[in-house]
Amino acid sequence: MAISSIHNDAPIGIFDSGVGGFSVLRHIQAQLPDEHLLYFADTAFAPYGGKPENVLIERVLGIGAFLVSRGAKALVVACNTATIAAVRILREHYPDMPIVGVEPGLKPGAAATRNGLVGVLATERTLAGEKFLLLRDQIVAATGARFLLQPCVGLADQIEFGEPGAPALEAMLERYIAPLLAEGADTLVLGCTHYPLVQASIEDVVRRHTDAQVALIDTGDAVARQLARLLEASKLLRGAGGQPSGLTGFTTASGEALRASFNTLLGQDPTVHEVEISLPQPGSTAQHI
């Protein structure tokens, strides 16, 4: 799809394995308030963290094709795991389209730390990814920062399907964060888009364990700024003064559940559609059902 064939009034497609991408969506809404947005929650296929890479690649291509079929002018992969597994291949499929992925904020974490100890909270797959480890090694060499990697098994699922403030969530946060603080980390990178949704609870855990100031790194703002730069460079920014911007939700699971999450987590009530995704066949682009 050539950039010249895309209209600047077209929507931006944002997707995640569930509601974690809301943490990116809210930054995009704040920085680009005039843009139409499509949000895709692949909840029926969650969690992404335990899936083989080739399966994730197929899934990301299927969702990308669905959003493009709905007129998307740009794509945001609002999931660290999906970004590491598939954003490069997604860009190969749509070379002329602005595509932004999400990566753990190692660089801002290294810039924020005062003592050189940065804790990284993320999924097992993210922390084991070749791209992540290469980035870590590059930043360690450039800055001398030390990254303490903490795989948070089940945390994204607990945020997705659990109740905010539930004892199970609090216990999980305690289990993953306390060891990092005990080692002296003065900065915590929230390396999964789900985690900023419970930032208040994370701050509570930090306060229980230290009186020191601990920086929390959420990369959603950087993603929104990069998206704005790419849209501007491609002359695809939607100007103010036309029809009000809109948000539409799609989910592979319960539409009612996604609507409730929009209301509870963002205070919004968009139209939500339940959809199915067909996986691409070798050598072809996926189509939606």
# chains A, B, ... in the order shown; residues from 1 in each chain; ligands from 1
>>> select_by_dssp(residues="segment 76-277 of chain A", states="strand (DSSP E)", output="ChimeraX atom specification")
/A:76-77,99-101,117-122,146-151,187-190,215-217,247-251,271-274
>>> residues_around(residues="segment 247-260 of chain A", least_positions_apart="3", cutoff="7 Å", atoms="only C-alpha atoms", output="list in words")
His36, Leu37, Leu38, Tyr39, Phe40, Ala41, Asp42, Thr43, Ala44, Asn263, Thr264, Asp269, Pro270, Thr271, Val272, His273, Glu274, Val275 and Glu276 of chain A
>>> write_last_selection(atoms="all heavy atoms", output="compact mmCIF listing (two decimals), in the first residue's frame")
# COMPACT_ATOMS: atom_id res chain seq x y z
N HIS A 36 -8.60 9.53 14.40
CA HIS A 36 -9.50 8.39 14.57
C HIS A 36 -8.66 7.17 14.94
O HIS A 36 -7.58 6.94 14.37
CB HIS A 36 -10.25 8.09 13.27
CG HIS A 36 -11.18 9.17 12.83
ND1 HIS A 36 -12.17 9.69 13.65
CD2 HIS A 36 -11.29 9.84 11.64
CE1 HIS A 36 -12.85 10.61 13.00
NE2 HIS A 36 -12.34 10.72 11.79
N LEU A 37 -9.15 6.36 15.88
CA LEU A 37 -8.38 5.23 16.37
C LEU A 37 -9.19 3.93 16.33
O LEU A 37 -10.38 3.93 16.64
CB LEU A 37 -7.92 5.49 17.82
CG LEU A 37 -7.11 6.76 18.06
CD1 LEU A 37 -6.84 6.95 19.54
CD2 LEU A 37 -5.80 6.73 17.28
N LEU A 38 -8.51 2.85 15.97
CA LEU A 38 -9.06 1.50 16.06
C LEU A 38 -8.22 0.74 17.08
O LEU A 38 -6.99 0.70 16.96
CB LEU A 38 -8.97 0.77 14.70
CG LEU A 38 -9.51 1.51 13.46
CD1 LEU A 38 -9.21 0.68 12.20
CD2 LEU A 38 -10.99 1.78 13.60
N TYR A 39 -8.88 0.14 18.07
CA TYR A 39 -8.14 -0.62 19.07
C TYR A 39 -8.56 -2.09 18.99
O TYR A 39 -9.74 -2.41 19.12
CB TYR A 39 -8.38 -0.10 20.49
CG TYR A 39 -7.52 -0.82 21.51
CD1 TYR A 39 -6.25 -0.34 21.82
CD2 TYR A 39 -7.95 -2.00 22.13
CE1 TYR A 39 -5.44 -1.03 22.71
CE2 TYR A 39 -7.14 -2.69 23.02
CZ TYR A 39 -5.88 -2.19 23.30
OH TYR A 39 -5.08 -2.87 24.18
N PHE A 40 -7.57 -2.97 18.82
CA PHE A 40 -7.82 -4.41 18.66
C PHE A 40 -7.25 -5.15 19.86
O PHE A 40 -6.04 -5.13 20.10
CB PHE A 40 -7.19 -4.92 17.37
CG PHE A 40 -7.62 -6.31 16.98
CD1 PHE A 40 -8.52 -6.50 15.95
CD2 PHE A 40 -7.14 -7.42 17.66
CE1 PHE A 40 -8.92 -7.78 15.59
CE2 PHE A 40 -7.53 -8.70 17.32
CZ PHE A 40 -8.44 -8.88 16.27
N ALA A 41 -8.12 -5.83 20.62
CA ALA A 41 -7.70 -6.64 21.76
C ALA A 41 -7.83 -8.12 21.39
O ALA A 41 -8.95 -8.62 21.24
CB ALA A 41 -8.56 -6.32 22.98
N ASP A 42 -6.71 -8.80 21.27
CA ASP A 42 -6.72 -10.21 20.86
C ASP A 42 -6.85 -11.12 22.09
O ASP A 42 -6.06 -12.06 22.29
CB ASP A 42 -5.44 -10.52 20.08
CG ASP A 42 -5.52 -11.85 19.35
OD1 ASP A 42 -6.63 -12.38 19.18
OD2 ASP A 42 -4.45 -12.34 18.94
N THR A 43 -7.86 -10.87 22.89
CA THR A 43 -7.98 -11.51 24.20
C THR A 43 -8.17 -13.02 24.11
O THR A 43 -7.68 -13.76 24.97
CB THR A 43 -9.16 -10.87 24.97
OG1 THR A 43 -9.02 -9.45 24.93
CG2 THR A 43 -9.19 -11.33 26.41
N ALA A 44 -8.84 -13.49 23.08
CA ALA A 44 -9.07 -14.93 22.96
C ALA A 44 -7.77 -15.70 22.73
O ALA A 44 -7.70 -16.90 23.00
CB ALA A 44 -10.04 -15.21 21.81
N ASN A 263 -14.46 1.32 29.95
CA ASN A 263 -15.13 2.19 30.92
C ASN A 263 -14.35 2.26 32.23
O ASN A 263 -14.12 3.35 32.78
CB ASN A 263 -16.55 1.69 31.17
CG ASN A 263 -17.33 2.63 32.07
OD1 ASN A 263 -17.37 2.45 33.28
ND2 ASN A 263 -17.95 3.63 31.47
N THR A 264 -13.91 1.10 32.72
CA THR A 264 -13.24 1.04 34.02
C THR A 264 -11.85 1.67 33.97
O THR A 264 -11.47 2.43 34.87
CB THR A 264 -13.11 -0.42 34.50
OG1 THR A 264 -14.41 -0.99 34.60
CG2 THR A 264 -12.41 -0.50 35.84
N ASP A 269 -16.46 4.94 26.39
CA ASP A 269 -17.51 3.98 26.01
C ASP A 269 -17.62 3.90 24.48
O ASP A 269 -18.64 4.28 23.90
CB ASP A 269 -18.85 4.42 26.62
CG ASP A 269 -19.94 3.38 26.40
OD1 ASP A 269 -19.61 2.18 26.27
OD2 ASP A 269 -21.13 3.77 26.36
N PRO A 270 -16.59 3.36 23.82
CA PRO A 270 -16.64 3.27 22.37
C PRO A 270 -17.49 2.09 21.90
O PRO A 270 -17.80 1.17 22.68
CB PRO A 270 -15.18 3.04 21.99
CG PRO A 270 -14.64 2.27 23.15
CD PRO A 270 -15.32 2.84 24.37
N THR A 271 -17.85 2.09 20.64
CA THR A 271 -18.47 0.93 20.01
C THR A 271 -17.44 -0.19 19.94
O THR A 271 -16.27 0.04 19.60
CB THR A 271 -18.96 1.27 18.60
OG1 THR A 271 -19.93 2.32 18.68
CG2 THR A 271 -19.58 0.06 17.92
N VAL A 272 -17.85 -1.41 20.27
CA VAL A 272 -16.95 -2.56 20.26
C VAL A 272 -17.55 -3.67 19.41
O VAL A 272 -18.74 -3.96 19.52
CB VAL A 272 -16.68 -3.08 21.70
CG1 VAL A 272 -15.89 -4.38 21.66
CG2 VAL A 272 -15.94 -2.03 22.52
N HIS A 273 -16.72 -4.29 18.59
CA HIS A 273 -17.16 -5.39 17.73
C HIS A 273 -16.40 -6.66 18.08
O HIS A 273 -15.19 -6.62 18.30
CB HIS A 273 -16.91 -5.07 16.25
CG HIS A 273 -17.55 -3.79 15.79
ND1 HIS A 273 -18.87 -3.72 15.43
CD2 HIS A 273 -17.03 -2.55 15.63
CE1 HIS A 273 -19.16 -2.49 15.06
NE2 HIS A 273 -18.06 -1.76 15.18
N GLU A 274 -17.11 -7.79 18.12
CA GLU A 274 -16.45 -9.09 18.27
C GLU A 274 -16.10 -9.62 16.88
O GLU A 274 -16.95 -9.63 15.99
CB GLU A 274 -17.38 -10.07 18.99
CG GLU A 274 -17.68 -9.67 20.43
CD GLU A 274 -18.59 -10.66 21.13
OE1 GLU A 274 -18.93 -11.69 20.51
OE2 GLU A 274 -18.98 -10.40 22.29
N VAL A 275 -14.84 -10.05 16.70
CA VAL A 275 -14.38 -10.48 15.38
C VAL A 275 -13.55 -11.76 15.52
O VAL A 275 -13.14 -12.14 16.61
CB VAL A 275 -13.52 -9.39 14.69
CG1 VAL A 275 -14.34 -8.13 14.47
CG2 VAL A 275 -12.27 -9.09 15.52
N GLU A 276 -13.31 -12.41 14.40
CA GLU A 276 -12.40 -13.54 14.32
C GLU A 276 -11.30 -13.18 13.33
O GLU A 276 -11.52 -12.41 12.40
CB GLU A 276 -13.12 -14.81 13.87
CG GLU A 276 -14.16 -15.31 14.87
CD GLU A 276 -14.85 -16.58 14.40
OE1 GLU A 276 -14.50 -17.04 13.29
OE2 GLU A 276 -15.71 -17.08 15.12
>>> closest_residue(among="A:Thr126, A:Gln150, A:Asn80, A:Thr187", to="Val24 of chain A", atoms="only C-alpha atoms")
A:Asn80
>>> closest_residue(among="A:Gly242, A:Gly50, A:Pro98, A:Gly144", to="Thr123 of chain A", atoms="only C-alpha atoms")
A:Gly50
>>> residues_around(residues="Pro11 of chain A", least_positions_apart="6", cutoff="12 Å", atoms="only C-alpha atoms", output="PyMOL selection string")
chain A and resi 32+34-39+67-76+231+236-238+245-248
>>> closest_residue(among="A:Ala200, A:Cys192, A:Ala182, A:Ala228", to="Ala212 of chain A", atoms="only C-alpha atoms")
A:Ala182
>>> residues_around(residues="segment 82-93 of chain A", least_positions_apart="3", cutoff="7 Å", atoms="only C-alpha atoms", output="ChimeraX atom specification")
/A:53,56-57,60-61,77,79,99,101-102,126,129,131
>>> select_by_dssp(residues="segment 87-244 of chain A", states="alpha helix (DSSP H)", output="ChimeraX atom specification")
/A:87-93,106-112,124-128,130-143,155-161,167-182,199-209,220-233
>>> closest_residue(among="A:Val189, A:Leu127, A:Ile177, A:Ile159", to="Asp204 of chain A", atoms="only C-alpha atoms")
A:Ile177
>>> atom_distance(atom1="atom CA of Gly220 of chain A", atom2="atom CA of Glu203 of chain A")
17.7 Å
>>> closest_residue(among="A:Met172, A:Ala141, A:Val120, A:Ala233", to="Ala185 of chain A", atoms="only C-alpha atoms")
A:Val120
>>> atom_distance(atom1="atom CA of Thr81 of chain A", atom2="atom CA of Gly184 of chain A")
26.9 Å
>>> atom_distance(atom1="atom CA of Phe147 of chain A", atom2="atom CA of Leu117 of chain A")
6.1 Å
>>> closest_residue(among="A:Asp9, A:Ala46, A:Gly165, A:Arg229", to="Ser201 of chain A", atoms="only C-alpha atoms")
A:Gly165
>>> residues_around(residues="His27 of chain A", least_positions_apart="3", cutoff="7 Å", atoms="only C-alpha atoms", output="mmCIF file with N, CA, C and O atoms, in the first residue's frame")
data_model
loop_
_atom_site.group_PDB
_atom_site.id
_atom_site.type_symbol
_atom_site.label_atom_id
_atom_site.label_comp_id
_atom_site.auth_asym_id
_atom_site.auth_seq_id
_atom_site.Cartn_x
_atom_site.Cartn_y
_atom_site.Cartn_z
ATOM 1 N N SER A 23 -2.506 1.445 27.867
ATOM 2 C CA SER A 23 -1.499 2.360 28.403
ATOM 3 C C SER A 23 -0.824 3.147 27.282
ATOM 4 O O SER A 23 -0.343 4.261 27.501
ATOM 5 N N VAL A 24 -0.775 2.572 26.081
ATOM 6 C CA VAL A 24 -0.260 3.272 24.910
ATOM 7 C C VAL A 24 -1.370 4.120 24.285
ATOM 8 O O VAL A 24 -1.149 5.274 23.886
ATOM 9 N N ALA A 30 -3.818 11.521 24.021
ATOM 10 C CA ALA A 30 -3.383 12.795 24.600
ATOM 11 C C ALA A 30 -2.552 13.608 23.612
ATOM 12 O O ALA A 30 -2.708 14.837 23.530
ATOM 13 N N GLN A 31 -1.698 12.948 22.845
ATOM 14 C CA GLN A 31 -0.802 13.666 21.938
ATOM 15 C C GLN A 31 -1.410 13.906 20.559
ATOM 16 O O GLN A 31 -1.015 14.854 19.867
ATOM 17 N N GLY A 220 4.975 4.449 26.912
ATOM 18 C CA GLY A 220 3.830 4.827 26.087
ATOM 19 C C GLY A 220 3.948 6.215 25.499
ATOM 20 O O GLY A 220 3.559 6.460 24.347
ATOM 21 N N ASP A 221 4.499 7.150 26.261
ATOM 22 C CA ASP A 221 4.654 8.521 25.777
ATOM 23 C C ASP A 221 5.613 8.566 24.591
ATOM 24 O O ASP A 221 5.361 9.249 23.594
ATOM 25 N N ALA A 224 3.903 7.302 21.429
ATOM 26 C CA ALA A 224 2.999 8.301 20.851
ATOM 27 C C ALA A 224 3.780 9.389 20.120
ATOM 28 O O ALA A 224 3.369 9.841 19.043
#
>>> decode(residues="segment 122-149 of chain A", atoms="N, CA and C atoms", output="PDB file, in the first residue's frame")
ATOM      1  N   ALA A 122       9.215  -7.504  33.045  1.00  0.00           N
ATOM      2  CA  ALA A 122       8.721  -7.846  31.710  1.00  0.00           C
ATOM      3  C   ALA A 122       8.352  -9.321  31.673  1.00  0.00           C
ATOM      4  N   THR A 123       7.781  -9.754  30.546  1.00  0.00           N
ATOM      5  CA  THR A 123       7.447 -11.165  30.378  1.00  0.00           C
ATOM      6  C   THR A 123       8.713 -11.969  30.112  1.00  0.00           C
ATOM      7  N   GLU A 124       8.620 -13.260  30.341  1.00  0.00           N
ATOM      8  CA  GLU A 124       9.770 -14.133  30.086  1.00  0.00           C
ATOM      9  C   GLU A 124      10.228 -14.035  28.636  1.00  0.00           C
ATOM     10  N   ARG A 125       9.263 -14.032  27.705  1.00  0.00           N
ATOM     11  CA  ARG A 125       9.632 -14.001  26.280  1.00  0.00           C
ATOM     12  C   ARG A 125      10.347 -12.709  25.932  1.00  0.00           C
ATOM     13  N   THR A 126       9.870 -11.587  26.460  1.00  0.00           N
ATOM     14  CA  THR A 126      10.531 -10.313  26.177  1.00  0.00           C
ATOM     15  C   THR A 126      11.973 -10.338  26.660  1.00  0.00           C
ATOM     16  N   LEU A 127      12.190 -10.791  27.885  1.00  0.00           N
ATOM     17  CA  LEU A 127      13.529 -10.763  28.470  1.00  0.00           C
ATOM     18  C   LEU A 127      14.483 -11.748  27.806  1.00  0.00           C
ATOM     19  N   ALA A 128      13.939 -12.786  27.171  1.00  0.00           N
ATOM     20  CA  ALA A 128      14.782 -13.782  26.500  1.00  0.00           C
ATOM     21  C   ALA A 128      15.000 -13.464  25.028  1.00  0.00           C
ATOM     22  N   GLY A 129      14.328 -12.427  24.526  1.00  0.00           N
ATOM     23  CA  GLY A 129      14.396 -12.121  23.103  1.00  0.00           C
ATOM     24  C   GLY A 129      15.773 -11.629  22.673  1.00  0.00           C
ATOM     25  N   GLU A 130      16.222 -12.077  21.524  1.00  0.00           N
ATOM     26  CA  GLU A 130      17.541 -11.695  21.009  1.00  0.00           C
ATOM     27  C   GLU A 130      17.647 -10.188  20.827  1.00  0.00           C
ATOM     28  N   LYS A 131      16.581  -9.582  20.323  1.00  0.00           N
ATOM     29  CA  LYS A 131      16.590  -8.144  20.094  1.00  0.00           C
ATOM     30  C   LYS A 131      16.722  -7.392  21.414  1.00  0.00           C
ATOM     31  N   PHE A 132      15.996  -7.851  22.443  1.00  0.00           N
ATOM     32  CA  PHE A 132      16.072  -7.215  23.754  1.00  0.00           C
ATOM     33  C   PHE A 132      17.480  -7.337  24.331  1.00  0.00           C
ATOM     34  N   LEU A 133      18.058  -8.536  24.280  1.00  0.00           N
ATOM     35  CA  LEU A 133      19.369  -8.760  24.874  1.00  0.00           C
ATOM     36  C   LEU A 133      20.452  -7.972  24.149  1.00  0.00           C
ATOM     37  N   LEU A 134      20.323  -7.827  22.839  1.00  0.00           N
ATOM     38  CA  LEU A 134      21.278  -7.024  22.077  1.00  0.00           C
ATOM     39  C   LEU A 134      21.185  -5.559  22.494  1.00  0.00           C
ATOM     40  N   LEU A 135      19.943  -5.069  22.628  1.00  0.00           N
ATOM     41  CA  LEU A 135      19.745  -3.684  23.062  1.00  0.00           C
ATOM     42  C   LEU A 135      20.326  -3.482  24.459  1.00  0.00           C
ATOM     43  N   ARG A 136      20.071  -4.433  25.355  1.00  0.00           N
ATOM     44  CA  ARG A 136      20.618  -4.328  26.706  1.00  0.00           C
ATOM     45  C   ARG A 136      22.137  -4.225  26.680  1.00  0.00           C
ATOM     46  N   ASP A 137      22.774  -5.095  25.911  1.00  0.00           N
ATOM     47  CA  ASP A 137      24.234  -5.112  25.870  1.00  0.00           C
ATOM     48  C   ASP A 137      24.784  -3.801  25.299  1.00  0.00           C
ATOM     49  N   GLN A 138      24.099  -3.250  24.314  1.00  0.00           N
ATOM     50  CA  GLN A 138      24.539  -1.981  23.720  1.00  0.00           C
ATOM     51  C   GLN A 138      24.466  -0.850  24.740  1.00  0.00           C
ATOM     52  N   ILE A 139      23.376  -0.824  25.511  1.00  0.00           N
ATOM     53  CA  ILE A 139      23.205   0.259  26.477  1.00  0.00           C
ATOM     54  C   ILE A 139      24.144   0.091  27.665  1.00  0.00           C
ATOM     55  N   VAL A 140      24.372  -1.145  28.078  1.00  0.00           N
ATOM     56  CA  VAL A 140      25.346  -1.403  29.143  1.00  0.00           C
ATOM     57  C   VAL A 140      26.726  -0.901  28.713  1.00  0.00           C
ATOM     58  N   ALA A 141      27.115  -1.207  27.469  1.00  0.00           N
ATOM     59  CA  ALA A 141      28.424  -0.782  26.969  1.00  0.00           C
ATOM     60  C   ALA A 141      28.525   0.738  26.886  1.00  0.00           C
ATOM     61  N   ALA A 142      27.408   1.386  26.529  1.00  0.00           N
ATOM     62  CA  ALA A 142      27.437   2.838  26.343  1.00  0.00           C
ATOM     63  C   ALA A 142      27.332   3.611  27.652  1.00  0.00           C
ATOM     64  N   THR A 143      26.621   3.045  28.636  1.00  0.00           N
ATOM     65  CA  THR A 143      26.320   3.812  29.853  1.00  0.00           C
ATOM     66  C   THR A 143      26.909   3.225  31.132  1.00  0.00           C
ATOM     67  N   GLY A 144      27.222   1.928  31.117  1.00  0.00           N
ATOM     68  CA  GLY A 144      27.684   1.279  32.325  1.00  0.00           C
ATOM     69  C   GLY A 144      26.570   0.900  33.286  1.00  0.00           C
ATOM     70  N   ALA A 145      25.315   1.149  32.904  1.00  0.00           N
ATOM     71  CA  ALA A 145      24.182   0.780  33.767  1.00  0.00           C
ATOM     72  C   ALA A 145      24.101  -0.735  33.904  1.00  0.00           C
ATOM     73  N   ARG A 146      23.591  -1.173  35.038  1.00  0.00           N
ATOM     74  CA  ARG A 146      23.374  -2.601  35.263  1.00  0.00           C
ATOM     75  C   ARG A 146      21.884  -2.864  35.297  1.00  0.00           C
ATOM     76  N   PHE A 147      21.433  -3.803  34.462  1.00  0.00           N
ATOM     77  CA  PHE A 147      20.011  -4.111  34.376  1.00  0.00           C
ATOM     78  C   PHE A 147      19.717  -5.401  35.137  1.00  0.00           C
ATOM     79  N   LEU A 148      18.771  -5.316  36.064  1.00  0.00           N
ATOM     80  CA  LEU A 148      18.320  -6.470  36.841  1.00  0.00           C
ATOM     81  C   LEU A 148      17.021  -6.966  36.213  1.00  0.00           C
ATOM     82  N   LEU A 149      17.062  -8.106  35.559  1.00  0.00           N
ATOM     83  CA  LEU A 149      15.927  -8.596  34.782  1.00  0.00           C
ATOM     84  C   LEU A 149      15.007  -9.439  35.646  1.00  0.00           C
TER      85      LEU A 149
END
